[in-house]
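> Provided herewith: my_file-v2.cif, mmCIF, C-alpha atoms and all ligand atoms.
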```
data_run
#
loop_
_atom_site.label_atom_id
_atom_site.label_comp_id
_atom_site.auth_asym_id
_atom_site.auth_seq_id
_atom_site.Cartn_x
_atom_site.Cartn_y
_atom_site.Cartn_z
CA MET H 1 84.80 134.97 163.85
CA LEU H 2 81.92 134.33 161.66
CA PHE H 3 83.20 136.68 159.06
CA ARG H 4 86.66 135.13 159.12
CA THR H 5 85.14 131.70 158.99
CA PHE H 6 83.10 132.77 156.02
CA LEU H 7 86.19 134.14 154.36
CA SER H 8 88.20 131.01 154.91
CA VAL H 9 85.39 128.78 153.69
CA SER H 10 84.98 130.87 150.61
CA ALA H 11 88.72 130.84 149.99
CA ALA H 12 88.64 127.10 150.27
CA LEU H 13 85.75 127.00 147.80
CA VAL H 14 87.67 129.15 145.36
CA ILE H 15 90.59 126.78 145.49
CA VAL H 16 88.38 123.72 145.01
CA SER H 17 86.47 125.22 142.11
CA THR H 18 89.53 126.46 140.24
CA PRO H 19 89.42 124.23 137.18
CA ALA H 20 92.43 121.97 137.09
CA LEU H 21 93.88 121.80 133.56
CA ALA H 22 91.73 119.15 131.86
CA GLU H 23 93.68 115.93 131.38
CA PRO H 24 94.01 115.36 127.63
CA TRP H 25 92.00 112.36 126.45
CA LYS H 26 94.13 109.26 126.20
CA VAL H 27 93.33 106.50 123.72
CA LYS H 28 94.22 103.19 125.34
CA GLN H 29 95.94 100.55 123.26
CA GLU H 30 93.83 97.78 124.83
CA TRP H 31 90.65 99.51 123.61
CA VAL H 32 92.04 99.61 120.06
CA SER H 33 93.16 96.01 120.37
CA SER H 34 89.80 94.76 121.66
CA HIS H 35 87.90 96.03 118.59
CA THR H 36 90.32 94.52 116.10
CA SER H 37 90.50 91.26 118.07
CA PHE H 38 86.77 90.78 117.74
CA LEU H 39 86.28 92.09 114.20
CA ALA H 40 89.26 90.19 112.78
CA SER H 41 88.59 87.02 114.78
CA GLU H 42 88.22 83.64 113.07
CA ALA H 43 84.62 83.67 114.33
CA LEU H 44 83.68 86.36 111.77
CA GLN H 45 85.41 84.54 108.89
CA GLY H 46 86.63 87.70 107.19
CA ARG H 47 83.36 89.68 107.35
CA THR H 48 82.41 88.97 103.72
CA SER H 49 80.35 91.81 102.22
CA ALA H 50 76.58 91.48 102.65
CA THR H 51 76.66 88.30 104.74
CA ARG H 52 75.63 87.34 108.26
CA ASP H 53 79.27 87.72 109.34
CA GLU H 54 79.14 91.32 108.15
CA ALA H 55 75.85 91.86 110.01
CA ILE H 56 77.43 90.57 113.25
CA ALA H 57 80.31 93.03 112.84
CA ALA H 58 77.76 95.83 112.36
CA ALA H 59 75.87 94.71 115.48
CA TYR H 60 79.10 94.86 117.51
CA ILE H 61 79.81 98.41 116.31
CA ALA H 62 76.22 99.47 117.06
CA ALA H 63 76.53 98.08 120.60
CA GLN H 64 79.75 100.06 121.12
CA PHE H 65 78.09 103.26 119.86
CA GLU H 66 75.30 102.75 122.38
CA ALA H 67 77.76 102.09 125.20
CA PHE H 68 79.62 105.33 124.38
CA GLY H 69 76.37 107.29 124.67
CA LEU H 70 75.75 107.90 120.97
CA LYS H 71 72.16 107.88 119.65
CA PRO H 72 70.65 106.58 116.43
CA ALA H 73 70.93 109.19 113.65
CA PRO H 74 67.97 111.53 113.07
CA GLY H 75 64.97 109.69 111.64
CA MET H 76 66.43 106.28 112.48
CA THR H 77 65.14 103.97 115.19
CA SER H 78 68.33 101.88 115.41
CA TYR H 79 72.04 102.14 114.71
CA ILE H 80 71.81 99.93 111.63
CA GLN H 81 70.92 100.95 108.07
CA THR H 82 70.42 98.03 105.68
CA ALA H 83 70.40 97.86 101.89
CA ALA H 84 69.50 95.06 99.48
CA ILE H 85 72.20 94.03 97.02
CA ASP H 86 71.95 92.20 93.73
CA HIS H 87 75.09 90.13 93.19
CA PRO H 88 74.42 87.49 90.53
CA GLU H 89 76.14 84.13 90.75
CA LEU H 90 76.64 82.33 87.44
CA ASP H 91 75.96 78.63 86.86
CA GLY H 92 78.87 78.23 84.41
CA LYS H 93 76.61 77.32 81.47
CA ALA H 94 77.24 80.27 79.17
CA ARG H 95 76.74 79.87 75.42
CA LEU H 96 77.16 81.94 72.31
CA THR H 97 75.00 81.39 69.23
CA ALA H 98 75.33 83.15 65.88
CA GLY H 99 72.57 83.01 63.31
CA GLY H 100 70.80 80.46 65.55
CA VAL H 101 73.76 78.03 65.57
CA ASP H 102 75.90 77.27 68.65
CA VAL H 103 79.35 78.75 68.23
CA ALA H 104 80.96 78.51 71.64
CA GLN H 105 80.18 77.05 75.03
CA GLY H 106 81.85 75.08 77.81
CA GLN H 107 85.66 75.05 77.63
CA GLY H 108 85.67 77.22 74.51
CA LEU H 109 83.91 80.15 76.19
CA THR H 110 85.42 81.82 79.23
CA LEU H 111 83.66 84.71 80.93
CA TYR H 112 86.07 87.28 82.28
CA TYR H 113 83.57 89.96 83.25
CA SER H 114 79.81 89.55 83.23
CA HIS H 115 76.73 91.26 84.66
CA GLY H 116 74.88 87.94 84.39
CA GLN H 117 72.57 89.20 81.64
CA THR H 118 71.56 87.71 78.30
CA ILE H 119 72.88 89.88 75.47
CA THR H 120 71.59 89.94 71.91
CA GLY H 121 72.63 92.06 68.95
CA LYS H 122 74.61 92.15 65.72
CA ILE H 123 78.27 91.23 65.58
CA ALA H 124 80.65 93.95 64.47
CA VAL H 125 84.26 92.96 63.76
CA ALA H 126 86.84 95.62 64.64
CA LYS H 127 89.30 95.85 61.75
CA SER H 128 91.91 97.75 63.76
CA SER H 129 93.53 97.08 67.12
CA ASP H 130 93.00 100.74 68.02
CA PRO H 131 89.86 101.42 70.09
CA ALA H 132 89.63 104.85 68.45
CA GLN H 133 88.63 102.95 65.27
CA MET H 134 85.87 101.06 67.13
CA PRO H 135 82.93 100.17 64.85
CA ASP H 136 79.35 100.78 65.98
CA GLY H 137 77.59 97.77 67.44
CA ASP H 138 76.37 96.07 70.60
CA ILE H 139 78.75 93.13 70.33
CA LEU H 140 82.31 93.63 69.13
CA ILE H 141 84.92 91.12 68.05
CA ILE H 142 88.23 92.71 68.97
CA THR H 143 91.94 91.94 68.80
CA PRO H 144 93.77 93.92 71.48
CA ASP H 145 97.57 94.13 71.28
CA ALA H 146 100.44 95.38 73.41
CA LYS H 147 99.72 99.01 72.50
CA PHE H 148 95.93 98.93 72.70
CA THR H 149 95.23 96.58 75.58
CA LEU H 150 92.00 94.94 76.65
CA GLY H 151 91.71 97.59 79.39
CA ALA H 152 91.90 100.38 76.82
CA TRP H 153 89.25 98.66 74.68
CA TRP H 154 87.00 98.12 77.66
CA ARG H 155 87.13 101.77 78.77
CA ALA H 156 86.33 102.92 75.23
CA ALA H 157 83.54 100.33 74.97
CA VAL H 158 81.93 101.52 78.22
CA GLN H 159 81.96 105.07 76.84
CA LYS H 160 80.16 103.91 73.70
CA GLY H 161 77.62 101.71 75.49
CA VAL H 162 78.89 98.44 73.96
CA LYS H 163 77.30 95.38 75.59
CA LEU H 164 79.87 92.65 74.94
CA LEU H 165 83.52 92.40 73.88
CA ILE H 166 84.69 89.08 72.42
CA VAL H 167 88.43 88.34 72.48
CA ARG H 168 90.41 85.38 71.07
CA GLU H 169 91.83 83.16 73.80
CA SER H 170 95.60 83.65 74.22
CA ASP H 171 98.38 83.52 76.80
CA ASP H 172 97.34 87.03 77.80
CA THR H 173 93.70 86.06 78.40
CA LYS H 174 94.78 82.94 80.33
CA LYS H 175 97.02 85.09 82.53
CA ARG H 176 94.15 87.48 83.12
CA MET H 177 91.87 84.65 84.25
CA GLU H 178 94.59 83.38 86.60
CA GLY H 179 94.91 86.91 87.97
CA ILE H 180 91.31 86.81 89.16
CA GLY H 181 91.50 83.28 90.57
CA GLY H 182 89.75 81.72 87.56
CA GLU H 183 86.37 83.10 88.64
CA THR H 184 84.32 85.44 86.45
CA MET H 185 84.15 88.97 87.82
CA VAL H 186 80.48 89.69 88.44
CA PRO H 187 79.77 93.22 89.71
CA ALA H 188 77.30 93.74 92.53
CA ARG H 189 74.85 96.65 92.66
CA LEU H 190 72.31 98.13 95.01
CA VAL H 191 68.78 96.93 94.23
CA GLU H 192 67.54 100.51 94.68
CA GLN H 193 70.13 101.91 92.32
CA PRO H 194 68.75 102.53 88.84
CA VAL H 195 70.32 100.15 86.30
CA GLU H 196 72.82 102.11 84.27
CA LYS H 197 73.70 101.48 80.65
CA PRO H 198 75.51 98.17 80.13
CA ARG H 199 79.16 98.19 81.11
CA ALA H 200 80.70 95.98 78.41
CA ASP H 201 80.92 92.34 79.46
CA ILE H 202 84.06 90.48 78.31
CA ALA H 203 84.25 86.92 76.98
CA PHE H 204 87.30 84.95 75.81
CA VAL H 205 86.59 82.51 72.97
CA ALA H 206 88.72 79.56 71.75
CA ALA H 207 90.51 80.03 68.40
CA ASP H 208 88.20 77.92 66.17
CA ALA H 209 85.02 79.56 67.49
CA PHE H 210 86.65 82.97 67.25
CA ASP H 211 87.41 82.39 63.55
CA LYS H 212 83.76 81.44 62.93
CA LEU H 213 82.62 84.64 64.63
CA MET H 214 85.00 86.71 62.50
CA LYS H 215 83.16 85.39 59.43
CA ALA H 216 79.77 86.12 60.99
CA ASP H 217 80.21 89.92 60.77
CA GLY H 218 76.78 91.57 60.74
CA GLN H 219 74.88 88.47 61.89
CA ASP H 220 72.63 88.30 64.96
CA ILE H 221 74.26 86.84 67.99
CA THR H 222 72.90 85.69 71.35
CA PHE H 223 75.01 85.37 74.48
CA THR H 224 73.36 83.67 77.44
CA VAL H 225 74.64 83.06 80.95
CA GLY H 226 72.69 81.06 83.52
CA GLN H 227 72.25 82.50 86.99
CA VAL H 228 72.13 80.52 90.21
CA LYS H 229 68.99 81.37 92.16
CA LYS H 230 69.84 82.59 95.61
CA PRO H 231 68.29 84.66 98.39
CA GLN H 232 68.69 88.41 98.27
CA GLN H 233 71.77 89.74 100.01
CA ILE H 234 71.61 92.47 102.63
CA THR H 235 74.44 94.76 103.64
CA SER H 236 74.57 96.76 106.91
CA ASN H 237 75.92 100.22 107.73
CA ALA H 238 76.38 100.96 111.45
CA ILE H 239 75.64 104.63 112.24
CA GLY H 240 76.09 106.47 115.55
CA TRP H 241 75.08 110.08 116.23
CA LEU H 242 76.49 112.62 118.65
CA GLN H 243 74.04 115.54 118.79
CA GLY H 244 75.64 118.98 118.61
CA SER H 245 74.38 122.04 120.46
CA ASP H 246 73.91 124.11 117.29
CA PRO H 247 71.64 122.38 114.77
CA ASN H 248 72.68 124.87 112.07
CA ALA H 249 76.44 124.39 112.49
CA GLY H 250 76.65 121.33 110.22
CA VAL H 251 77.67 117.71 110.69
CA ILE H 252 81.10 116.05 110.73
CA LEU H 253 81.23 112.54 109.24
CA ILE H 254 83.85 110.08 110.54
CA SER H 255 83.86 106.74 108.72
CA ALA H 256 85.50 103.41 107.88
CA HIS H 257 84.30 100.16 106.30
CA LEU H 258 83.35 97.14 108.34
CA ASP H 259 83.35 94.41 105.67
CA ALA H 260 86.36 92.51 104.35
CA ILE H 261 86.84 89.95 101.57
CA GLY H 262 86.25 86.69 103.47
CA ALA H 263 87.59 83.40 102.15
CA HIS H 264 89.61 83.08 98.93
CA ASP H 265 91.19 79.88 97.66
CA ASP H 266 90.13 78.21 100.94
CA LYS H 267 92.10 80.72 102.99
CA VAL H 268 90.32 83.32 105.12
CA VAL H 269 91.44 86.94 104.82
CA LEU H 270 90.53 88.24 108.28
CA GLY H 271 90.85 91.92 107.36
CA ALA H 272 92.55 93.09 110.56
CA ASN H 273 94.22 96.01 108.81
CA ASP H 274 91.65 96.32 105.99
CA ASP H 275 89.66 97.70 107.65
CA ALA H 276 89.06 96.55 111.24
CA SER H 277 91.84 99.05 112.06
CA GLY H 278 89.81 101.93 110.60
CA VAL H 279 86.68 100.80 112.44
CA ALA H 280 88.67 100.77 115.70
CA ALA H 281 89.63 104.39 114.95
CA VAL H 282 86.00 105.36 114.31
CA LEU H 283 84.96 103.70 117.58
CA GLU H 284 87.72 105.31 119.61
CA LEU H 285 87.03 108.75 118.14
CA ALA H 286 83.36 108.19 119.03
CA ARG H 287 84.30 107.29 122.60
CA ALA H 288 86.62 110.29 122.94
CA LEU H 289 84.24 112.86 121.47
CA SER H 290 81.25 111.58 123.38
CA ALA H 291 83.24 111.72 126.63
CA GLY H 292 84.24 115.30 125.84
CA GLY H 293 80.69 116.58 126.30
CA GLN H 294 78.32 118.03 123.74
CA PRO H 295 80.13 119.57 120.77
CA LYS H 296 78.78 122.51 118.81
CA ARG H 297 78.41 120.53 115.60
CA SER H 298 76.82 117.10 115.42
CA VAL H 299 79.16 114.23 114.63
CA MET H 300 78.07 111.14 112.73
CA PHE H 301 80.18 107.98 113.03
CA VAL H 302 79.65 105.41 110.30
CA ALA H 303 81.01 101.94 109.54
CA TYR H 304 79.92 100.98 106.02
CA GLY H 305 79.18 97.51 104.72
CA ALA H 306 79.88 96.20 101.21
CA GLU H 307 82.88 98.41 100.48
CA GLU H 308 84.87 95.57 98.99
CA ILE H 309 82.26 94.78 96.31
CA GLY H 310 82.13 98.32 94.94
CA LEU H 311 81.70 100.93 97.72
CA LEU H 312 78.03 99.93 97.93
CA GLY H 313 77.37 100.69 101.62
CA SER H 314 78.65 104.23 101.23
CA GLN H 315 76.81 104.60 97.94
CA TYR H 316 73.57 103.67 99.69
CA PHE H 317 74.37 106.02 102.58
CA ALA H 318 74.88 108.85 100.08
CA MET H 319 71.54 107.93 98.43
CA LYS H 320 69.64 107.75 101.74
CA PRO H 321 71.57 109.92 104.21
CA PRO H 322 69.94 110.33 107.66
CA VAL H 323 70.64 114.07 107.39
CA PRO H 324 70.76 116.19 104.20
CA LEU H 325 74.14 115.81 102.48
CA GLU H 326 74.40 119.61 102.30
CA SER H 327 74.64 119.68 106.11
CA ILE H 328 77.79 117.49 106.11
CA VAL H 329 80.74 119.87 106.27
CA ALA H 330 83.53 117.28 106.03
CA ASN H 331 84.18 113.54 105.88
CA LEU H 332 87.24 111.79 107.25
CA GLU H 333 87.51 108.10 106.28
CA ILE H 334 90.05 105.91 108.03
CA GLU H 335 91.42 102.92 106.14
CA MET H 336 94.22 100.52 106.93
CA ILE H 337 96.05 102.25 109.76
CA GLY H 338 97.29 98.93 111.19
CA GLN H 339 100.69 99.18 109.55
CA GLN H 340 102.92 102.07 108.61
CA ASP H 341 104.56 102.69 105.25
CA PRO H 342 108.34 102.62 105.90
CA LYS H 343 108.70 105.47 103.38
CA MET H 344 106.69 107.81 105.65
CA PRO H 345 108.17 109.72 108.59
CA ALA H 346 107.76 107.70 111.82
CA GLY H 347 104.20 107.75 113.14
CA VAL H 348 102.73 109.70 110.20
CA MET H 349 99.71 108.58 108.13
CA MET H 350 99.07 109.56 104.53
CA MET H 351 95.94 111.30 103.34
CA THR H 352 94.60 110.51 99.88
CA GLY H 353 93.95 113.45 97.59
CA PHE H 354 95.71 115.72 100.11
CA ASP H 355 96.14 118.61 97.66
CA ARG H 356 92.55 118.55 96.45
CA SER H 357 91.34 120.56 99.46
CA ASP H 358 92.57 122.52 102.49
CA PHE H 359 91.25 119.85 104.91
CA GLY H 360 94.53 117.95 105.37
CA GLU H 361 96.59 121.09 106.04
CA SER H 362 94.07 122.26 108.64
CA LEU H 363 93.99 118.93 110.50
CA LYS H 364 97.77 118.75 110.36
CA ALA H 365 98.06 122.25 111.84
CA LYS H 366 96.00 120.99 114.79
CA GLY H 367 98.30 118.03 115.39
CA ALA H 368 96.98 115.24 113.16
CA LEU H 369 99.89 112.99 112.14
CA ILE H 370 99.11 113.14 108.43
CA ALA H 371 100.97 114.00 105.22
CA PRO H 372 100.26 113.81 101.47
CA ASP H 373 99.72 110.39 99.86
CA LEU H 374 102.98 109.08 98.35
CA TYR H 375 101.26 107.19 95.53
CA PRO H 376 98.92 109.59 93.68
CA GLU H 377 99.25 107.42 90.52
CA GLN H 378 97.41 104.62 92.36
CA ASN H 379 94.35 106.84 92.67
CA PHE H 380 93.59 105.79 96.24
CA PHE H 381 91.40 108.88 96.59
CA GLU H 382 88.84 107.12 94.38
CA ARG H 383 89.28 103.69 95.95
CA SER H 384 87.61 104.13 99.31
CA ASP H 385 84.23 105.22 100.68
CA ASN H 386 85.27 108.88 100.91
CA TYR H 387 84.88 108.96 97.11
CA GLN H 388 81.10 108.39 97.19
CA LEU H 389 80.77 111.46 99.41
CA ALA H 390 83.30 113.48 97.41
CA LEU H 391 81.24 112.79 94.28
CA GLN H 392 78.37 114.54 96.09
CA GLY H 393 80.56 117.59 96.66
CA ILE H 394 81.47 116.92 100.31
CA VAL H 395 85.15 117.48 101.11
CA ALA H 396 86.00 113.85 101.88
CA HIS H 397 89.40 112.21 102.27
CA THR H 398 90.84 108.95 103.56
CA VAL H 399 93.78 108.64 105.93
CA SER H 400 95.81 105.45 105.79
CA GLY H 401 98.94 104.01 107.41
CA TRP H 402 100.21 102.05 104.44
CA ALA H 403 97.95 101.68 101.45
CA VAL H 404 100.17 99.23 99.54
CA THR H 405 101.08 97.01 102.48
CA PRO H 406 102.31 93.47 101.61
CA THR H 407 99.42 91.95 103.61
CA TYR H 408 96.79 93.70 101.46
CA HIS H 409 93.94 91.24 100.73
CA SER H 410 96.16 88.34 101.84
CA PRO H 411 95.70 85.69 104.56
CA ASP H 412 98.48 87.53 106.44
CA ASP H 413 96.13 90.43 107.12
CA ASN H 414 95.62 89.23 110.70
CA ILE H 415 95.88 90.63 114.21
CA ALA H 416 99.47 89.41 114.64
CA ASN H 417 100.54 91.76 111.83
CA LEU H 418 98.98 94.89 113.31
CA ASN H 419 101.24 97.59 114.68
CA LEU H 420 99.09 98.50 117.70
CA PRO H 421 101.36 101.24 119.11
CA PHE H 422 101.35 103.01 115.71
CA MET H 423 97.57 102.64 115.43
CA THR H 424 96.95 103.95 118.92
CA GLN H 425 99.23 106.94 118.35
CA ALA H 426 97.63 107.64 114.96
CA ILE H 427 94.11 107.63 116.48
CA GLN H 428 95.32 109.71 119.42
CA SER H 429 96.63 112.35 117.00
CA LEU H 430 93.15 112.71 115.46
CA VAL H 431 91.27 113.27 118.74
CA GLU H 432 92.26 116.91 119.21
CA PRO H 433 91.85 117.97 115.53
CA VAL H 434 88.43 116.30 115.22
CA THR H 435 87.31 117.85 118.54
CA TRP H 436 88.45 121.24 117.22
CA LEU H 437 86.54 120.63 113.96
CA ALA H 438 83.38 119.70 115.87
CA ASN H 439 83.52 122.79 118.08
CA GLY H 440 84.49 125.44 115.55
CA ASP H 441 83.07 126.91 112.38
CA TYR H 442 85.90 126.02 110.00
CA THR H 443 84.52 124.32 106.89
CA PRO H 444 87.06 122.71 104.54
CA LYS H 445 87.03 123.81 100.90
CA TRP H 446 88.02 122.12 97.66
CA LYS H 447 90.94 123.72 95.92
CA GLU H 448 90.72 124.72 92.27
CA GLY H 449 90.05 121.53 90.28
CA GLY H 450 90.13 119.37 93.42
CA ARG H 451 86.49 118.37 93.50
CA PRO H 452 85.93 115.15 91.53
CA LYS H 453 83.35 115.14 88.74
ZN ZN T 1 89.55 98.66 102.63
#
```
As structure tokens, please, write out the structure in this file.


Amino acid sequence: MLFRTFLSVSAALVIVSTPALAEPWKVKQEWVSSHTSFLASEALQGRTSATRDEAIAAAYIAAQFEAFGLKPAPGMTSYIQTAAIDHPELDGKARLTAGGVDVAQGQGLTLYYSHGQTITGKIAVAKSSDPAQMPDGDILIITPDAKFTLGAWWRAAVQKGVKLLIVRESDDTKKRMEGIGGETMVPARLVEQPVEKPRADIAFVAADAFDKLMKADGQDITFTVGQVKKPQQITSNAIGWLQGSDPNAGVILISAHLDAIGAHDDKVVLGANDDASGVAAVLELARALSAGGQPKRSVMFVAYGAEEIGLLGSQYFAMKPPVPLESIVANLEIEMIGQQDPKMPAGVMMMTGFDRSDFGESLKAKGALIAPDLYPEQNFFERSDNYQLALQGIVAHTVSGWAVTPTYHSPDDNIANLNLPFMTQAIQSLVEPVTWLANGDYTPKWKEGGRPK
């Protein structure tokens, strides 16, 4: 009896302990929706880079990381990394003096691109419209034409370390100012980033003043722009850490950017697709991987601030990474997966720089719904945070639903225009490949010539 009883009990135990096939993780659409609903809500006013709205978005992401069981990254005591940003604001009182005499100011002097610095030097007048014939000098008077455009001049001027380009006002310059909403482009930079050589400011000057400057070839010139005093700006990166079992197996980096462009022309761009959708993907991959138990490799989930003003959050992260950059074996950035490009096969995302490495093929083989980027001429590979990591040698790509969507940077980039079923399916397709990546020893490699310089 006893023996039989023992047998039957043990048989029962065997049946109970036979592992049922693990249910595959299921990303729920309402989870995806909840993140975008908060991040792209009116309350956050478009999460302008390096503002309090951006900080609140970062705090939300940090709270989610904690709820999913992630820890602060090694060496950090919280989920937030902050960086100071210098983003000058101009007071509109620029002036240009030659030989000590005022030449242009007010209406006659329009700043197209300025670092907010005073510039002094000798005027050099370019005699040709071809930048290849550029004279030496700090300040150049130039006459771009249809063949050699302002853009071509500017790129050549940056190469040569020119401080200021002066262009005669024309229909072309007026159109350019309209194109940027009539506001001078003023680049932002990290306070901790060493100041590089000047990057060629651009000023448009009215015809009469321009003619005076043409005659002042070789004279000393001073260009001043007044700055508005304002408090230092702070940007926030939210970072969550899933500790792997093997500290020597490397780290996988999954990222998106949490800021957006805020208000423009009195209309708020809520940034539901760009890039609350990518943040939702980072959060849901964090939830899925954390729920799957401890992986072999550690996984770092990051939502960067200040992407929209020059990839500054990711630049800071690459300058001050919580773990050595050499330990990061791959970076997957997720950008704008809230809509799908109608030119792509149904449900499939595009990966920027697909052919630069073997990463995309490997993820695809494991079920990721990704394919090569349809618009290589747009250089999207260099236009998202993945690029800052790629510049450091890390195989880093961005996946996107539709990079040239009609709602891009427009007030229509709102929750109503998100394709939630597509998003959910896209994120779902990444769960298995990223889990595989975190538990294996495959390390993606650049292909010949694929690594950016
Ligand atoms: Zn973006």

> Within 6 Å of ligand ZN 1 (chain T), counting all atoms listed in the file: which residues, as a list in words?

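Counting only what the definition allows, namely all atoms listed in the file, the set is Asp274, Asp275 and Glu335 of chain H.
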
> Can you tell me, as a list in words, what residues are no more than 6 Å from region 438-451 of chain H when counting all atoms listed in the file, ignoring any on the same chain fewer than 3 positions away?

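The filter keeps Pro295, Lys296, Arg297, Val329, Arg356, Ser357, Asp358, Phe359 and Thr435 of chain H.
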
> Could you state the separation of CA of Leu289 (chain H) and CA of Ser49 (chain H) in Å, given to one decimal place?

28.8 Å

> Measuring between only C-alpha atoms, which one of H:Ile166, H:Leu111, H:Ala272, H:Leu325 shows the shortest distance to Ile394 (chain H)?

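For Ile394 (chain H), the nearest of the candidates is H:Leu325.
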
> Give me, as a PyMOL selection string, all polymer residues having an atom no more than 9 Å from Thr120 (chain H), counting all atoms listed in the file and skipping those fewer than 4 positions away in the same chain.

chain H and resi 138-139+163+220-224

> Those selected residues, please, written with C-alpha atoms and delivered as a PDB file, in the coordinates of the input.


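And here is the file that came out, selection18.pdb:
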```
ATOM      1  CA  ASP H 138      76.370  96.070  70.600  1.00  0.00           C
ATOM      2  CA  ILE H 139      78.750  93.130  70.330  1.00  0.00           C
ATOM      3  CA  LYS H 163      77.300  95.380  75.590  1.00  0.00           C
ATOM      4  CA  ASP H 220      72.630  88.300  64.960  1.00  0.00           C
ATOM      5  CA  ILE H 221      74.260  86.840  67.990  1.00  0.00           C
ATOM      6  CA  THR H 222      72.900  85.690  71.350  1.00  0.00           C
ATOM      7  CA  PHE H 223      75.010  85.370  74.480  1.00  0.00           C
ATOM      8  CA  THR H 224      73.360  83.670  77.440  1.00  0.00           C
TER       9      THR H 224
END
```

> With all atoms listed in the file as the counted atoms, please give the residues lying no more than 12 Å from Glu66 (chain H), apart from itself and same-chain residues fewer than 2 positions off, as a list in words.

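So, after excluding close chain neighbours, the residues are Ala59, Tyr60, Ile61, Ala62, Ala63, Gln64, Phe68, Gly69, Leu70, Lys71, Pro72, Ala73, Ser78, Tyr79, Ile80, Ala238, Ile239, Gly240, Trp241, Leu242, Leu283, Ala286, Arg287, Ser290 and Phe301 of chain H.
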
> For Thr184 (chain H), which residue out of H:Ala157, H:Leu369, H:Val299, H:Leu109 is the nearest one, using all atoms listed in the file?

H:Leu109

> Might you pull out every residue within 12 Å of Thr352 (chain H), with only C-alpha atoms counted and same-chain residues fewer than 4 positions away left off, and present them as a PyMOL selection string?

chain H and resi 332-335+356-357+359-360+370-387+390+395-403+450

> Pick the closest to Glu23 (chain H) from H:Ala346, H:Gly292, H:Glu42, H:Ala188: which is it, counting only C-alpha atoms?

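Of the candidates, the smallest distance to Glu23 (chain H) is held by H:Gly292.
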
> So that each row is one residue of region 41-124 of chain H with an atom at most 12 Å from region 304-308 of chain H, can you give its shortest atom pair and the distance in Å to one decimal, using all atoms listed in the file, rows by chain and rising number, as JSON lines?


```
{"residue": "H:Gly46", "atom": "CA", "partner": "H:Glu308", "partner_atom": "CA", "distance": 11.5}
{"residue": "H:Arg47", "atom": "CA", "partner": "H:Gly305", "partner_atom": "CA", "distance": 9.3}
{"residue": "H:Thr48", "atom": "CA", "partner": "H:Ala306", "partner_atom": "CA", "distance": 8.1}
{"residue": "H:Ser49", "atom": "CA", "partner": "H:Ala306", "partner_atom": "CA", "distance": 4.5}
{"residue": "H:Ala50", "atom": "CA", "partner": "H:Ala306", "partner_atom": "CA", "distance": 5.9}
{"residue": "H:Thr51", "atom": "CA", "partner": "H:Ala306", "partner_atom": "CA", "distance": 9.2}
{"residue": "H:Arg52", "atom": "CA", "partner": "H:Gly305", "partner_atom": "CA", "distance": 11.3}
{"residue": "H:Asp53", "atom": "CA", "partner": "H:Gly305", "partner_atom": "CA", "distance": 10.8}
{"residue": "H:Glu54", "atom": "CA", "partner": "H:Gly305", "partner_atom": "CA", "distance": 7.1}
{"residue": "H:Ala55", "atom": "CA", "partner": "H:Gly305", "partner_atom": "CA", "distance": 8.4}
{"residue": "H:Ile56", "atom": "CA", "partner": "H:Gly305", "partner_atom": "CA", "distance": 11.1}
{"residue": "H:Ala57", "atom": "CA", "partner": "H:Gly305", "partner_atom": "CA", "distance": 9.3}
{"residue": "H:Ala58", "atom": "CA", "partner": "H:Gly305", "partner_atom": "CA", "distance": 8.0}
{"residue": "H:Ala59", "atom": "CA", "partner": "H:Gly305", "partner_atom": "CA", "distance": 11.6}
{"residue": "H:Ile61", "atom": "CA", "partner": "H:Tyr304", "partner_atom": "CA", "distance": 10.6}
{"residue": "H:Ala62", "atom": "CA", "partner": "H:Tyr304", "partner_atom": "CA", "distance": 11.7}
{"residue": "H:Tyr79", "atom": "CA", "partner": "H:Tyr304", "partner_atom": "CA", "distance": 11.8}
{"residue": "H:Ile80", "atom": "CA", "partner": "H:Tyr304", "partner_atom": "CA", "distance": 9.9}
{"residue": "H:Gln81", "atom": "CA", "partner": "H:Tyr304", "partner_atom": "CA", "distance": 9.2}
{"residue": "H:Thr82", "atom": "CA", "partner": "H:Gly305", "partner_atom": "CA", "distance": 8.8}
{"residue": "H:Ala83", "atom": "CA", "partner": "H:Gly305", "partner_atom": "CA", "distance": 9.2}
{"residue": "H:Ala84", "atom": "CA", "partner": "H:Ala306", "partner_atom": "CA", "distance": 10.6}
{"residue": "H:Ile85", "atom": "CA", "partner": "H:Ala306", "partner_atom": "CA", "distance": 9.0}
{"residue": "H:Asp86", "atom": "CA", "partner": "H:Ala306", "partner_atom": "CA", "distance": 11.6}
{"residue": "H:His87", "atom": "CA", "partner": "H:Ala306", "partner_atom": "CA", "distance": 11.1}
```

> Interatomic distance between CA of Met351 (chain H) and CA of Pro406 (chain H)?

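According to the coordinates, CA of Met351 (chain H) and CA of Pro406 (chain H) are separated by 19.0 Å.
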
> Please work out which residues fall within 12 Å of (98.9, 103.9, 118.7), coordinates as given in the file, with only C-alpha atoms counting, and return them as a ChimeraX atom specification.

/H:26-33,277,280-281,284,337-340,346-349,369,401,418-430

> When you draw a straight line from CA of Ala200 (chain H) to CA of Val101 (chain H), how long is it in Å?

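Interatomic distance, CA of Ala200 (chain H) to CA of Val101 (chain H): 23.1 Å.
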
> Here is a test: counting only C-alpha atoms, which residue of H:Ala94, H:Gln107, H:Pro411, H:Tyr112 is nearest to Gly179 (chain H)?

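Nearest to Gly179 (chain H): H:Tyr112.
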